[in-house]
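J.: Take this structure first; my questions come after.
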Amino acid sequence: MKRLRMGLIGVGGIAENRHIPAYQALTEHVEIVAVQDVNLVRAKEVAEKNAIPNVFEDYLKMFPHVDAVTICTPNKFHEPIAVAALNQGVHVLCEKPMAMNADEGKRMLEAAEANNKIFMIGYHYRFVDSVMLAKESMQEVGAPIVTRVQALRQRKVPGWGVFINKQLQGGGSLIDWGCHLLDAAFWLLAPSKPIEVSAQTYQRLSKQPNQVNDWGSYDHEAMDVDDHVSAYIRFDDGSTLLFECSWAANIKADKTHISISGENGGVNVFPYEFYQPKHHRMMETRADTKEDQQEAAFLQAQNFVDACLGKDTLKSNPKDALLVTKVIDAIYESSEQGKSISIN
Ligand SMILES: NC(=O)c1ccc[n+]([C@@H]2O[C@H](COP(=O)([O-])OP(=O)(O)OC[C@H]3O[C@@H](n4cnc5c(N)ncnc54)[C@H](O)[C@@H]3O)[C@@H](O)[C@H]2O)c1
């Protein structure tokens, strides 16, 4: 059987720790044939360590040698690289967030559609066991009323890479971390759609010198992205979502939370719990679900590879990723303008 020839673009932390192990566990179906990185020393190191035969300085030169690429560069380069690859007939798995903004996201989607190529954004939370079980429970939850989403880290601004650089990343805790939970929540709530956002973003705490930070040190003067965000999101079915994210919060411990209260029941995702009235009292159901990110990354890689080989359909539609990008744009715009923003 034909194996998919995979190229990796931007071989930093996520490429090495998540994508390479996932593809290496799928060697019957996919072969990593090349890597590319602006840091050629790093690219050569990763290639040698993982027995990857080709290293390219220029990703355009890589495209004729691969069937698909996985893009793991800073966010600013997601769109130009994805569009170039799709236009060369190469399938694309691009790390989250989709892009710096929705205009870029639309261009990526158009290129995928025009070239009829598989295009996926790495929102791997959809492949987390407890999220998948919550999706199966949504019918029993019934029409959603209120959803709560929290992506909170206690003092963990990423001190490596370019995560605090707005020019290269487009934003901070929201576009980097909150985006995962928004994607998972919107997927659970579909077909309900977000239509309006009122939000506030902050960067007060991280602009102060000598902050306690568990993920290395960072230059507080150069920091120009959000470290706290709160938002109130209205949906087309009249339901609402309360959103909060931060990577520098003064809280007891990190918190990853999605819960949905519906007309017939309620679901909590991390850990999975289901609440429903029965026999005149509230009942609680638990499940032995896992919340393993590596496992989710493996399932995501498997789904992408199978879709490229024509054996499966994508479980993560890029149109959904564009919706997340539009909401992120609206959150930033609402905060800047001090008013609610509609999502089109
Ligand atoms: N799915 C997740 O949970 C998750 C986790 C971490 C990072 N990410 C995403 O992955 C991407 C990379 O994050 P990371 O943590 O690996 O960062 P990183 O800084 O560790 O690695 C980025 C790599 O890209 C290279 N690079 C920079 N510009 C490039 C360009 N124009 N062309 C080719 N290579 C280029 C850098 O030299 C570096 O090796 C980001 O978009 C981030 O949001 C996703």
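Numbering starts fresh at 1 for the residues of each chain in the structure tokens, the chains themselves are lettered A, B, ... in the order given, and ligands are numbered from 1 as they appear.
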Compile a residue-level contact table for segment 260-285 of chain A against segment 127-146 of chain A at a cut-off of 8 Å, reporting for every qualifying residue the shortest atom pair and its distance in Å to one decimal, with only C-alpha atoms counted, rows ordered by chain and ascending number, as CSV.
T.:
residue,atom,partner,partner_atom,distance
A:Ile260,CA,A:Val146,CA,6.0
A:Ser261,CA,A:Val146,CA,5.4
A:Gly262,CA,A:Pro144,CA,4.0
A:Glu263,CA,A:Gly142,CA,5.3
A:Asn264,CA,A:Gly142,CA,5.1
A:Gly265,CA,A:Val141,CA,4.2
A:Gly266,CA,A:Val141,CA,5.4
A:Val267,CA,A:Ala134,CA,6.8
A:Asn268,CA,A:Ala134,CA,7.7
A:Val269,CA,A:Ser130,CA,5.9
A:Phe270,CA,A:Ser130,CA,6.8
A:Pro271,CA,A:Ser130,CA,6.9
A:Tyr272,CA,A:Ser130,CA,5.5
J.: Could the residues in this selection be written to a file with N, CA and C atoms, as a PDB file, in the first residue's frame?
T.:
ATOM      1  N   ILE A 260     -21.476  22.375  30.119  1.00  0.00           N
ATOM      2  CA  ILE A 260     -22.640  22.853  29.375  1.00  0.00           C
ATOM      3  C   ILE A 260     -23.896  22.457  30.148  1.00  0.00           C
ATOM      4  N   SER A 261     -24.709  23.453  30.483  1.00  0.00           N
ATOM      5  CA  SER A 261     -26.019  23.163  31.094  1.00  0.00           C
ATOM      6  C   SER A 261     -27.059  23.263  29.996  1.00  0.00           C
ATOM      7  N   GLY A 262     -27.761  22.154  29.765  1.00  0.00           N
ATOM      8  CA  GLY A 262     -28.787  22.155  28.730  1.00  0.00           C
ATOM      9  C   GLY A 262     -30.169  21.977  29.329  1.00  0.00           C
ATOM     10  N   GLU A 263     -31.164  21.878  28.455  1.00  0.00           N
ATOM     11  CA  GLU A 263     -32.549  21.757  28.936  1.00  0.00           C
ATOM     12  C   GLU A 263     -32.823  20.409  29.595  1.00  0.00           C
ATOM     13  N   ASN A 264     -32.114  19.361  29.145  1.00  0.00           N
ATOM     14  CA  ASN A 264     -32.390  18.017  29.687  1.00  0.00           C
ATOM     15  C   ASN A 264     -31.307  17.470  30.606  1.00  0.00           C
ATOM     16  N   GLY A 265     -30.120  18.030  30.514  1.00  0.00           N
ATOM     17  CA  GLY A 265     -29.013  17.514  31.319  1.00  0.00           C
ATOM     18  C   GLY A 265     -27.836  18.465  31.246  1.00  0.00           C
ATOM     19  N   GLY A 266     -26.759  18.092  31.937  1.00  0.00           N
ATOM     20  CA  GLY A 266     -25.562  18.919  31.907  1.00  0.00           C
ATOM     21  C   GLY A 266     -24.338  18.042  31.780  1.00  0.00           C
ATOM     22  N   VAL A 267     -23.294  18.565  31.115  1.00  0.00           N
ATOM     23  CA  VAL A 267     -22.081  17.776  30.966  1.00  0.00           C
ATOM     24  C   VAL A 267     -20.879  18.599  31.413  1.00  0.00           C
ATOM     25  N   ASN A 268     -19.957  17.923  32.106  1.00  0.00           N
ATOM     26  CA  ASN A 268     -18.669  18.515  32.466  1.00  0.00           C
ATOM     27  C   ASN A 268     -17.622  17.698  31.718  1.00  0.00           C
ATOM     28  N   VAL A 269     -16.650  18.363  31.114  1.00  0.00           N
ATOM     29  CA  VAL A 269     -15.756  17.630  30.198  1.00  0.00           C
ATOM     30  C   VAL A 269     -14.461  17.151  30.857  1.00  0.00           C
ATOM     31  N   PHE A 270     -13.862  17.962  31.742  1.00  0.00           N
ATOM     32  CA  PHE A 270     -12.573  17.587  32.345  1.00  0.00           C
ATOM     33  C   PHE A 270     -12.706  17.536  33.864  1.00  0.00           C
ATOM     34  N   PRO A 271     -12.998  16.426  34.534  1.00  0.00           N
ATOM     35  CA  PRO A 271     -13.212  15.105  33.950  1.00  0.00           C
ATOM     36  C   PRO A 271     -14.646  14.982  33.442  1.00  0.00           C
ATOM     37  N   TYR A 272     -14.875  13.936  32.639  1.00  0.00           N
ATOM     38  CA  TYR A 272     -16.213  13.726  32.106  1.00  0.00           C
ATOM     39  C   TYR A 272     -17.193  13.387  33.237  1.00  0.00           C
TER      40      TYR A 272
END
J.: Could you give me, as a list in words, every polymer residue with an atom at most 6 Å away from an atom of ligand 1, counting only C-alpha atoms and all ligand atoms?
T.: Ile9, Gly10, Val11, Gly12, Gly13, Ile14, Ala15, Asp37, Val38, Asn39, Cys72, Thr73, Pro74, Asn75, Phe77, Glu95, Lys96, Pro97, Gly122, Gly161 and Asp176 of chain A
J.: What is the atom CA of Leu241 of chain A-atom CA of Leu189 of chain A distance in Å, reported with one decimal?
T.: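 Spanning atom CA of Leu241 of chain A to atom CA of Leu189 of chain A is a straight-line distance of 10.1 Å.
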J.: Nearest to Gly178 of chain A: which of A:Ala287, A:Ala25, A:Leu86, A:Ile328 is it, counting only C-alpha atoms?
T.: A:Ile328
J.: For Arg148 of chain A, please output as a PyMOL selection string all residues within 6 Å (counting only C-alpha atoms; exclusion window: fewer than 2 positions along the same chain).
T.: chain A and resi 241-242+258-259
J.: Find the residues near Asp214 of chain A: any atom within 9 Å, counting only C-alpha atoms, skip ones fewer than 3 places away on the same chain, and give them as a VMD selection string.
T.: chain A and resid 154 to 159 217
J.: Can you pull out every residue within 8 Å of Ser316 of chain A, counting only C-alpha atoms, but drop anything in the same chain fewer than 2 positions away, and send it as an MDAnalysis selection string?
T.: chainID A and resid 120:121 123 126 314 318 320
J.: Those residues with N, CA and C atoms, as a CSV table (one decimal), in the first residue's frame please?
T.:
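The resulting file, result-v1.csv, is reproduced below:
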chain,number,residue,atom,x,y,z
A,120,MET,N,-6.4,20.6,7.4
A,120,MET,CA,-6.8,20.4,8.8
A,120,MET,C,-6.0,21.4,9.7
A,121,ILE,N,-6.7,21.9,10.7
A,121,ILE,CA,-6.0,22.7,11.7
A,121,ILE,C,-5.9,21.8,13.0
A,123,TYR,N,-6.4,21.4,16.0
A,123,TYR,CA,-7.2,21.5,17.2
A,123,TYR,C,-7.5,20.1,17.8
A,126,ARG,N,-10.3,18.0,20.1
A,126,ARG,CA,-11.5,17.2,19.6
A,126,ARG,C,-11.2,15.7,19.7
A,314,LEU,N,-12.2,14.0,7.4
A,314,LEU,CA,-11.7,14.7,8.5
A,314,LEU,C,-12.7,14.9,9.6
A,318,PRO,N,-11.9,22.5,8.5
A,318,PRO,CA,-11.3,23.8,8.6
A,318,PRO,C,-12.2,25.0,8.7
A,320,ASP,N,-14.7,25.1,10.6
A,320,ASP,CA,-14.9,25.3,12.1
A,320,ASP,C,-13.7,26.1,12.6
J.: Within 9 Å of Phe304 of chain A, counting only C-alpha atoms, which residues show up once you throw out same-chain ones fewer than 2 positions away? Write them as a PyMOL selection string, please.
T.: chain A and resi 92-93+118-120+299-302+306-309+312-315
J.: Write out as a ChimeraX atom specification the set of residues from segment 151-333 of chain A that DSSP, computed on the backbone, places in helix (DSSP H, G or I).
T.: /A:166-169,173-189,205-207,293-308,318-333
J.: What is the distance, in Å and to one decimal place, between atom CA of Ala84 of chain A and atom CA of Ala102 of chain A?
T.: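 Spanning atom CA of Ala84 of chain A to atom CA of Ala102 of chain A is a straight-line distance of 17.7 Å.
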J.: Residues near Asn250 of chain A, anyone? I mean within 12 Å using only C-alpha atoms, not counting same-chain ones fewer than 5 positions away, as a ChimeraX atom specification.
T.: /A:152-156,205-206,211-213,227-228,255
J.: Per DSSP on the backbone, filter segment 82-249 of chain A down to the residues in strand (DSSP E or B) and report them as a PyMOL selection string.
T.: chain A and resi 91-94+119-121+144-154+194-202+228-235+240-249
J.: For the atom pair atom CA of His220 of chain A and atom CA of Asn165 of chain A, what is the interatomic distance in Å to one decimal place?
T.: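 Rounded to one decimal, the two atoms are 11.0 Å apart.
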